[in-house]
>>> print(open('structure.txt').read())   # compact mmCIF, C-alpha atoms
# COMPACT_ATOMS: atom_id res chain seq x y z
CA MET T 1 87.97 103.17 159.71
CA ALA T 2 87.37 102.94 163.45
CA ALA T 3 85.06 99.95 162.97
CA LEU T 4 87.53 98.20 160.65
CA ALA T 5 90.42 98.91 163.00
CA GLY T 6 88.44 97.39 165.86
CA GLN T 7 87.80 94.21 163.85
CA ALA T 8 91.48 93.98 162.90
CA GLY T 9 92.71 94.73 166.42
CA LEU T 10 94.77 97.68 165.20
CA SER T 11 94.79 101.42 165.70
CA THR T 12 93.28 103.41 162.86
CA PHE T 13 96.72 104.82 162.06
CA HIS T 14 98.34 101.37 161.87
CA LEU T 15 95.44 99.94 159.86
CA HIS T 16 95.75 102.78 157.35
CA ARG T 17 99.48 102.12 156.98
CA VAL T 18 99.32 98.33 156.57
CA PHE T 19 96.27 98.51 154.29
CA SER T 20 97.98 101.02 152.01
CA ALA T 21 101.13 98.88 151.88
CA ALA T 22 99.19 95.71 151.00
CA ALA T 23 96.66 97.19 148.57
CA GLY T 24 98.82 99.86 146.93
CA GLU T 25 96.23 102.55 147.68
CA THR T 26 94.74 104.17 150.75
CA PRO T 27 91.40 102.98 152.15
CA LYS T 28 89.80 106.18 150.81
CA GLN T 29 91.22 105.63 147.32
CA PHE T 30 90.19 101.97 147.44
CA THR T 31 86.62 102.80 148.46
CA LEU T 32 86.24 105.56 145.87
CA ARG T 33 87.57 103.30 143.09
CA LEU T 34 85.10 100.54 143.96
CA ARG T 35 82.16 102.94 144.22
CA LEU T 36 82.93 104.50 140.82
CA GLY T 37 83.51 101.11 139.20
CA ARG T 38 80.19 99.82 140.48
CA ALA T 39 78.44 103.01 139.37
CA ALA T 40 79.92 102.71 135.86
CA ALA T 41 78.65 99.14 135.57
CA MET T 42 75.20 100.19 136.79
CA LEU T 43 75.03 103.01 134.25
CA LEU T 44 75.51 100.47 131.45
CA THR T 45 73.34 97.66 132.82
CA SER T 46 70.38 99.35 134.51
CA GLU T 47 67.83 102.03 133.80
CA ASP T 48 68.12 103.62 137.26
CA ALA T 49 68.37 107.40 137.38
CA VAL T 50 71.89 108.80 137.68
CA LEU T 51 71.05 110.30 141.09
CA ASP T 52 69.75 106.96 142.36
CA ILE T 53 72.94 105.25 141.20
CA ALA T 54 75.04 107.93 142.89
CA LEU T 55 73.23 107.49 146.20
CA ASP T 56 73.27 103.71 145.93
CA CYS T 57 77.04 103.78 145.45
CA GLY T 58 77.69 105.92 148.51
CA PHE T 59 77.83 109.46 147.12
CA GLN T 60 75.98 112.20 148.96
CA SER T 61 74.97 114.27 145.92
CA HIS T 62 74.72 114.24 142.14
CA GLU T 63 77.38 116.94 141.94
CA ALA T 64 79.96 115.07 144.03
CA PHE T 65 79.34 111.90 142.00
CA SER T 66 79.66 113.68 138.65
CA ARG T 67 82.94 115.35 139.64
CA ALA T 68 84.50 112.10 140.82
CA PHE T 69 83.18 110.16 137.81
CA ARG T 70 84.49 112.68 135.28
CA LYS T 71 87.90 112.70 136.97
CA ARG T 72 88.20 108.90 136.72
CA PHE T 73 86.52 108.17 133.38
CA GLY T 74 86.96 111.42 131.48
CA MET T 75 83.25 112.07 130.84
CA THR T 76 80.02 112.71 132.69
CA PRO T 77 77.88 109.79 133.90
CA SER T 78 75.18 110.71 131.36
CA ASP T 79 77.64 110.74 128.46
CA TYR T 80 79.09 107.43 129.62
CA ARG T 81 75.64 105.85 129.67
CA ALA T 82 74.71 107.32 126.27
CA ARG T 83 77.84 105.89 124.66
CA GLY T 84 77.05 102.39 125.96
CA PHE T 85 79.16 99.26 125.50
CA ALA T 86 81.82 99.32 122.82
CA ASP T 87 80.44 96.15 121.21
CA ARG T 88 76.77 96.83 122.01
CA SER T 89 76.79 93.83 124.35
CA GLY T 90 73.45 92.14 124.87
CA THR T 91 71.79 91.44 128.18
CA PRO T 92 73.71 88.23 129.12
CA GLN T 93 77.11 89.79 128.40
CA ALA T 94 76.16 93.00 130.18
CA ALA T 95 75.02 91.09 133.25
CA ARG T 96 78.27 89.12 133.26
CA HIS T 97 80.26 92.36 133.02
CA ARG T 98 78.49 93.80 136.08
CA VAL T 99 79.15 90.64 138.12
CA LEU T 100 82.83 90.68 137.15
CA VAL T 101 83.25 94.36 138.05
CA ASP T 102 81.98 93.63 141.57
CA LYS T 103 83.99 90.40 141.81
CA ILE T 104 87.36 91.47 140.42
CA GLY T 105 87.45 95.12 141.50
CA PRO T 106 88.30 94.63 145.19
CA CYS T 107 91.29 92.36 144.50
CA ILE T 108 92.54 93.58 141.11
CA LYS T 109 95.87 94.54 142.73
CA LEU T 110 96.28 91.42 144.85
CA PHE T 111 96.96 88.65 142.32
CA GLN T 112 100.35 86.89 142.60
CA THR T 113 100.83 88.17 146.16
CA GLN T 114 101.74 85.94 149.10
CA GLN T 115 99.97 86.08 152.43
CA ASP T 116 102.38 87.60 155.00
CA GLY T 117 105.24 87.15 152.51
CA ARG T 118 106.10 83.58 153.53
CA PRO T 119 106.31 80.77 150.97
CA GLN T 120 103.65 78.10 151.32
CA LYS T 121 104.06 74.34 151.03
CA ASN T 122 102.68 72.64 147.96
CA GLU T 123 102.16 68.91 148.07
CA MET T 124 99.49 68.52 145.42
CA ALA T 125 99.55 66.11 142.50
CA TYR T 126 98.30 67.71 139.31
CA SER T 127 95.55 66.21 137.17
CA ILE T 128 96.51 67.24 133.64
CA THR T 129 94.10 67.00 130.73
CA LYS T 130 94.16 67.77 127.02
CA LYS T 131 91.26 69.73 125.57
CA GLU T 132 90.31 72.06 122.74
CA ILE T 133 89.34 75.64 123.59
CA PRO T 134 88.05 78.61 121.54
CA ALA T 135 90.08 81.77 121.03
CA GLN T 136 89.32 84.47 123.60
CA PRO T 137 89.54 88.25 122.92
CA VAL T 138 91.59 90.04 125.59
CA LEU T 139 93.05 93.40 126.54
CA VAL T 140 96.70 93.23 127.61
CA VAL T 141 99.74 95.20 128.62
CA ARG T 142 103.17 93.72 127.85
CA ARG T 143 106.14 94.15 130.19
CA ARG T 144 109.71 92.87 130.43
CA ILE T 145 110.54 92.37 134.10
CA LYS T 146 112.64 90.56 136.68
CA PRO T 147 110.93 87.45 138.15
CA ALA T 148 110.77 89.14 141.57
CA GLU T 149 108.74 92.00 140.06
CA VAL T 150 105.75 89.88 138.96
CA ALA T 151 103.41 90.73 141.84
CA ALA T 152 104.09 94.48 141.74
CA THR T 153 103.81 94.54 137.94
CA LEU T 154 100.48 92.69 137.94
CA ALA T 155 99.09 95.05 140.59
CA GLU T 156 99.87 98.00 138.33
CA VAL T 157 99.01 96.43 134.97
CA LEU T 158 95.75 94.67 135.89
CA GLY T 159 94.46 97.79 137.62
CA HIS T 160 95.28 99.80 134.50
CA VAL T 161 93.57 97.33 132.14
CA PHE T 162 90.54 97.08 134.45
CA GLN T 163 90.06 100.86 134.40
CA TYR T 164 90.71 101.04 130.65
CA ALA T 165 88.00 98.46 129.93
CA GLN T 166 85.49 100.36 132.05
CA GLN T 167 86.48 103.75 130.70
CA ASN T 168 85.97 102.59 127.12
CA GLY T 169 82.79 100.60 127.70
CA ILE T 170 84.42 97.23 126.90
CA ALA T 171 82.54 94.40 128.58
CA MET T 172 84.66 92.03 130.64
CA ALA T 173 84.23 88.31 130.08
CA GLY T 174 86.36 86.55 132.68
CA GLN T 175 89.03 86.54 135.38
CA PRO T 176 92.47 88.21 135.06
CA PHE T 177 95.34 86.25 133.50
CA THR T 178 99.08 86.37 132.85
CA ARG T 179 100.77 84.96 129.74
CA TYR T 180 104.50 84.18 129.77
CA LEU T 181 106.03 85.01 126.39
CA GLU T 182 109.67 84.54 127.44
CA TRP T 183 111.13 82.87 130.54
CA GLY T 184 114.72 83.30 131.62
CA PRO T 185 116.88 83.37 134.76
CA GLY T 186 117.21 87.14 134.59
CA LEU T 187 114.22 88.62 132.75
CA TRP T 188 110.71 87.53 131.74
CA THR T 189 108.43 88.99 129.09
CA ILE T 190 104.83 88.79 130.22
CA GLU T 191 101.41 89.96 129.12
CA ALA T 192 98.73 90.54 131.71
CA GLY T 193 95.13 91.54 131.21
CA LEU T 194 91.47 90.66 131.11
CA PRO T 195 89.22 88.62 128.80
CA VAL T 196 86.60 90.77 127.07
CA THR T 197 83.53 90.05 124.95
CA ALA T 198 85.04 91.70 121.86
CA ASN T 199 87.57 94.31 120.81
CA THR T 200 85.73 96.82 118.66
CA ARG T 201 87.60 100.06 119.23
CA GLU T 202 91.21 100.94 118.61
CA THR T 203 93.19 101.42 121.81
CA PRO T 204 94.74 104.87 122.16
CA PRO T 205 98.56 104.68 121.95
CA GLU T 206 98.94 106.53 125.24
CA ALA T 207 96.89 103.92 127.07
CA ASN T 208 99.62 101.26 126.67
CA VAL T 209 96.82 98.70 126.33
CA ARG T 210 96.35 96.60 123.22
CA ALA T 211 93.73 94.23 121.90
CA ASP T 212 94.82 90.63 121.46
CA ALA T 213 93.47 87.10 121.86
CA LEU T 214 94.38 84.02 123.83
CA PRO T 215 94.79 81.40 121.10
CA GLY T 216 92.21 78.73 120.45
CA GLY T 217 93.09 75.12 119.78
CA TRP T 218 94.49 72.25 121.81
CA VAL T 219 95.96 72.87 125.25
CA ALA T 220 97.26 70.88 128.18
CA THR T 221 95.73 72.27 131.34
CA ALA T 222 95.69 71.75 135.09
CA THR T 223 94.35 73.56 138.14
CA HIS T 224 96.83 74.73 140.77
CA THR T 225 95.43 75.00 144.29
CA GLY T 226 97.47 77.02 146.76
CA SER T 227 99.72 80.05 146.94
CA TYR T 228 101.02 81.77 143.84
CA ASP T 229 104.68 81.22 144.71
CA LYS T 230 104.26 77.51 143.84
CA LEU T 231 102.73 78.09 140.40
CA GLY T 232 106.05 77.18 138.79
CA GLU T 233 105.47 73.60 139.92
CA ALA T 234 102.20 73.46 137.97
CA HIS T 235 103.92 74.75 134.84
CA ALA T 236 106.73 72.22 135.29
CA ALA T 237 104.27 69.34 135.76
CA ILE T 238 102.41 70.24 132.56
CA GLN T 239 105.61 70.63 130.58
CA GLN T 240 106.80 67.18 131.75
CA TRP T 241 103.39 65.67 130.93
CA ILE T 242 103.50 67.10 127.38
CA GLU T 243 106.85 65.43 126.71
CA ALA T 244 105.80 62.15 128.37
CA GLU T 245 102.73 62.04 126.12
CA GLY T 246 104.83 62.59 123.00
CA LEU T 247 103.22 65.97 122.36
CA THR T 248 104.79 69.30 121.39
CA SER T 249 104.24 72.64 123.06
CA ALA T 250 103.07 75.26 120.59
CA GLY T 251 103.11 78.71 122.14
CA ALA T 252 103.30 80.79 125.27
CA PRO T 253 101.56 79.38 128.38
CA TRP T 254 99.19 81.40 130.50
CA GLU T 255 97.46 81.24 133.87
CA ILE T 256 94.00 82.44 134.86
CA TYR T 257 93.32 83.45 138.48
CA THR T 258 89.95 81.80 139.01
CA THR T 259 89.54 82.74 142.68
CA ASP T 260 89.94 86.15 144.24
CA PRO T 261 92.26 86.68 147.25
CA ALA T 262 89.71 89.11 148.66
CA ASP T 263 87.05 86.36 148.78
CA PHE T 264 89.46 83.59 149.84
CA PRO T 265 92.08 85.07 152.21
CA ASP T 266 93.71 81.70 152.96
CA PRO T 267 96.26 80.83 150.21
CA LYS T 268 95.38 77.13 150.41
CA ASP T 269 92.03 78.00 148.82
CA TRP T 270 93.42 79.96 145.86
CA LYS T 271 92.84 78.30 142.48
CA THR T 272 94.71 79.10 139.27
CA GLU T 273 94.11 77.44 135.90
CA VAL T 274 97.30 76.89 133.89
CA PHE T 275 97.21 76.42 130.09
CA TRP T 276 99.95 75.26 127.71
CA PRO T 277 99.16 75.32 123.96
CA ILE T 278 100.10 72.08 122.20
CA ALA T 279 100.39 71.17 118.54
CA ALA T 280 97.45 69.28 117.09
CA SER T 281 98.34 65.59 116.70
>>> encode(input="structure.txt", output="structure tokens")
Amino acid sequence: MAALAGQAGLSTFHLHRVFSAAAGETPKQFTLRLRLGRAAAMLLTSEDAVLDIALDCGFQSHEAFSRAFRKRFGMTPSDYRARGFADRSGTPQAARHRVLVDKIGPCIKLFQTQQDGRPQKNEMAYSITKKEIPAQPVLVVRRRIKPAEVAATLAEVLGHVFQYAQQNGIAMAGQPFTRYLEWGPGLWTIEAGLPVTANTRETPPEANVRADALPGGWVATATHTGSYDKLGEAHAAIQQWIEAEGLTSAGAPWEIYTTDPADFPDPKDWKTEVFWPIAAS
């Protein structure tokens, strides 16, 4: 903390306070979550001894690692490894899962946030294309919220889905997304979650997570570059393009957060892919 505070030009007390406010968890909670997430991925994708994994992920002993792991995932590291992936994912899928755990974990609660809370300018022209895509299995949580609650809701929901996928050995297959089922001036109905390789186990009712799929078929799509508060302009541009092309929208749109705020702290570098299903012509 002292080293980080020195880099940030803050006291350790102030750094702790602003970090907790921005990330929704303390630096200690953040670090422990990342260490356990990385350890869980290593248990499923490597043959390293449990003690070696514990030490590699920053734990000082097998006992401390096992206690923390059981508290987060509900089973011992050995039992977790013995159970394996839910869909018995092969080597390529397992390797992809491990990369995504390391990539998404640090910023799972930061999507749809704005840097320093100020709206950013958006002067981009969107290049919209029509293409056919395959269906994609996903894990989602559905919520009905006020538009102003999107960022806070995604921080909670995506973190919950991320942990659920790891806890149940479900291999991740891509970046987080949000699907907009209903839009209105007062309330939205959204689904947020993660793409997965397959859904092979029933989700416990108490988990509030359900298996679903992003639909395959024809879509109109564009890439939004910039802060999340201007994403509505990308959706509007696609909707206008669909009508101008004489096409018909055919389902709820969604957006995939292809870059991570943790890796790209400047909002001008953030990229989001927006998809609108369209009827086959």
>>> closest_atom_pairs(input="structure.txt", of="range 5-51 of chain T", to="range 58-65 of chain T", cutoff="9 Å", atoms="all atoms listed in the file", output="CSV")
residue,atom,partner,partner_atom,distance
T:Leu32,CA,T:Gly58,CA,9.0
T:Arg35,CA,T:Gly58,CA,6.9
T:Leu36,CA,T:Phe65,CA,8.3
T:Val50,CA,T:His62,CA,7.6
T:Leu51,CA,T:His62,CA,5.5
>>> atom_distance(input="structure.txt", atom1="CA of Ile190 in chain T", atom2="CA of Thr153 in chain T")
9.7 Å
>>> closest_residue(input="structure.txt", among="T:Ala173, T:Gln112, T:Trp218, T:Glu245", to="Ala192 in chain T", atoms="all atoms listed in the file")
T:Gln112
>>> closest_residue(input="structure.txt", among="T:Asp56, T:Ala49, T:Val157, T:Gly37", to="Ser78 in chain T", atoms="only C-alpha atoms")
T:Ala49
>>> closest_residue(input="structure.txt", among="T:Ile170, T:Val138, T:Ala125, T:Ala207", to="Ile238 in chain T", atoms="all atoms listed in the file")
T:Ala125
>>> residues_around(input="structure.txt", residues="Arg17 in chain T", least_positions_apart="6", cutoff="10 Å", atoms="all atoms listed in the file", output="compact mmCIF listing (two decimals) with C-alpha atoms, keeping the file's coordinate frame")
# COMPACT_ATOMS: atom_id res chain seq x y z
CA SER T 11 94.79 101.42 165.70
CA GLU T 25 96.23 102.55 147.68
CA THR T 26 94.74 104.17 150.75
CA PRO T 27 91.40 102.98 152.15
>>> closest_residue(input="structure.txt", among="T:Thr248, T:Gln136, T:Thr258, T:Gln93", to="Leu214 in chain T", atoms="all atoms listed in the file")
T:Gln136
>>> build_atoms(input="structure.txt", residues="range 125-138 of chain T", atoms="N, CA and C atoms", output="JSON list (two decimals), keeping the file's coordinate frame")
[["chain", "number", "residue", "atom", "x", "y", "z"],
["T", 125, "ALA", "N", 99.28, 66.79, 143.77],
["T", 125, "ALA", "CA", 99.55, 66.11, 142.50],
["T", 125, "ALA", "C", 98.60, 66.70, 141.47],
["T", 126, "TYR", "N", 99.11, 67.02, 140.31],
["T", 126, "TYR", "CA", 98.30, 67.71, 139.31],
["T", 126, "TYR", "C", 97.60, 66.72, 138.39],
["T", 127, "SER", "N", 96.32, 66.97, 138.14],
["T", 127, "SER", "CA", 95.55, 66.21, 137.17],
["T", 127, "SER", "C", 95.56, 67.00, 135.87],
["T", 128, "ILE", "N", 96.30, 66.51, 134.89],
["T", 128, "ILE", "CA", 96.51, 67.24, 133.64],
["T", 128, "ILE", "C", 95.66, 66.63, 132.55],
["T", 129, "THR", "N", 94.97, 67.47, 131.81],
["T", 129, "THR", "CA", 94.10, 67.00, 130.73],
["T", 129, "THR", "C", 94.42, 67.76, 129.44],
["T", 130, "LYS", "N", 94.03, 67.15, 128.33],
["T", 130, "LYS", "CA", 94.16, 67.77, 127.02],
["T", 130, "LYS", "C", 92.77, 68.11, 126.53],
["T", 131, "LYS", "N", 92.57, 69.35, 126.08],
["T", 131, "LYS", "CA", 91.26, 69.73, 125.57],
["T", 131, "LYS", "C", 91.41, 70.83, 124.52],
["T", 132, "GLU", "N", 90.34, 71.03, 123.77],
["T", 132, "GLU", "CA", 90.31, 72.06, 122.74],
["T", 132, "GLU", "C", 89.49, 73.24, 123.24],
["T", 133, "ILE", "N", 90.02, 74.45, 123.09],
["T", 133, "ILE", "CA", 89.34, 75.64, 123.59],
["T", 133, "ILE", "C", 89.20, 76.66, 122.46],
["T", 134, "PRO", "N", 88.19, 77.54, 122.55],
["T", 134, "PRO", "CA", 88.05, 78.61, 121.54],
["T", 134, "PRO", "C", 88.99, 79.77, 121.84],
["T", 135, "ALA", "N", 89.30, 80.55, 120.83],
["T", 135, "ALA", "CA", 90.08, 81.77, 121.03],
["T", 135, "ALA", "C", 89.28, 82.74, 121.90],
["T", 136, "GLN", "N", 89.98, 83.54, 122.69],
["T", 136, "GLN", "CA", 89.32, 84.47, 123.60],
["T", 136, "GLN", "C", 89.88, 85.88, 123.43],
["T", 137, "PRO", "N", 89.06, 86.87, 122.99],
["T", 137, "PRO", "CA", 89.54, 88.25, 122.92],
["T", 137, "PRO", "C", 89.98, 88.75, 124.30],
["T", 138, "VAL", "N", 91.06, 89.52, 124.32],
["T", 138, "VAL", "CA", 91.59, 90.04, 125.59],
["T", 138, "VAL", "C", 92.12, 91.44, 125.39]]
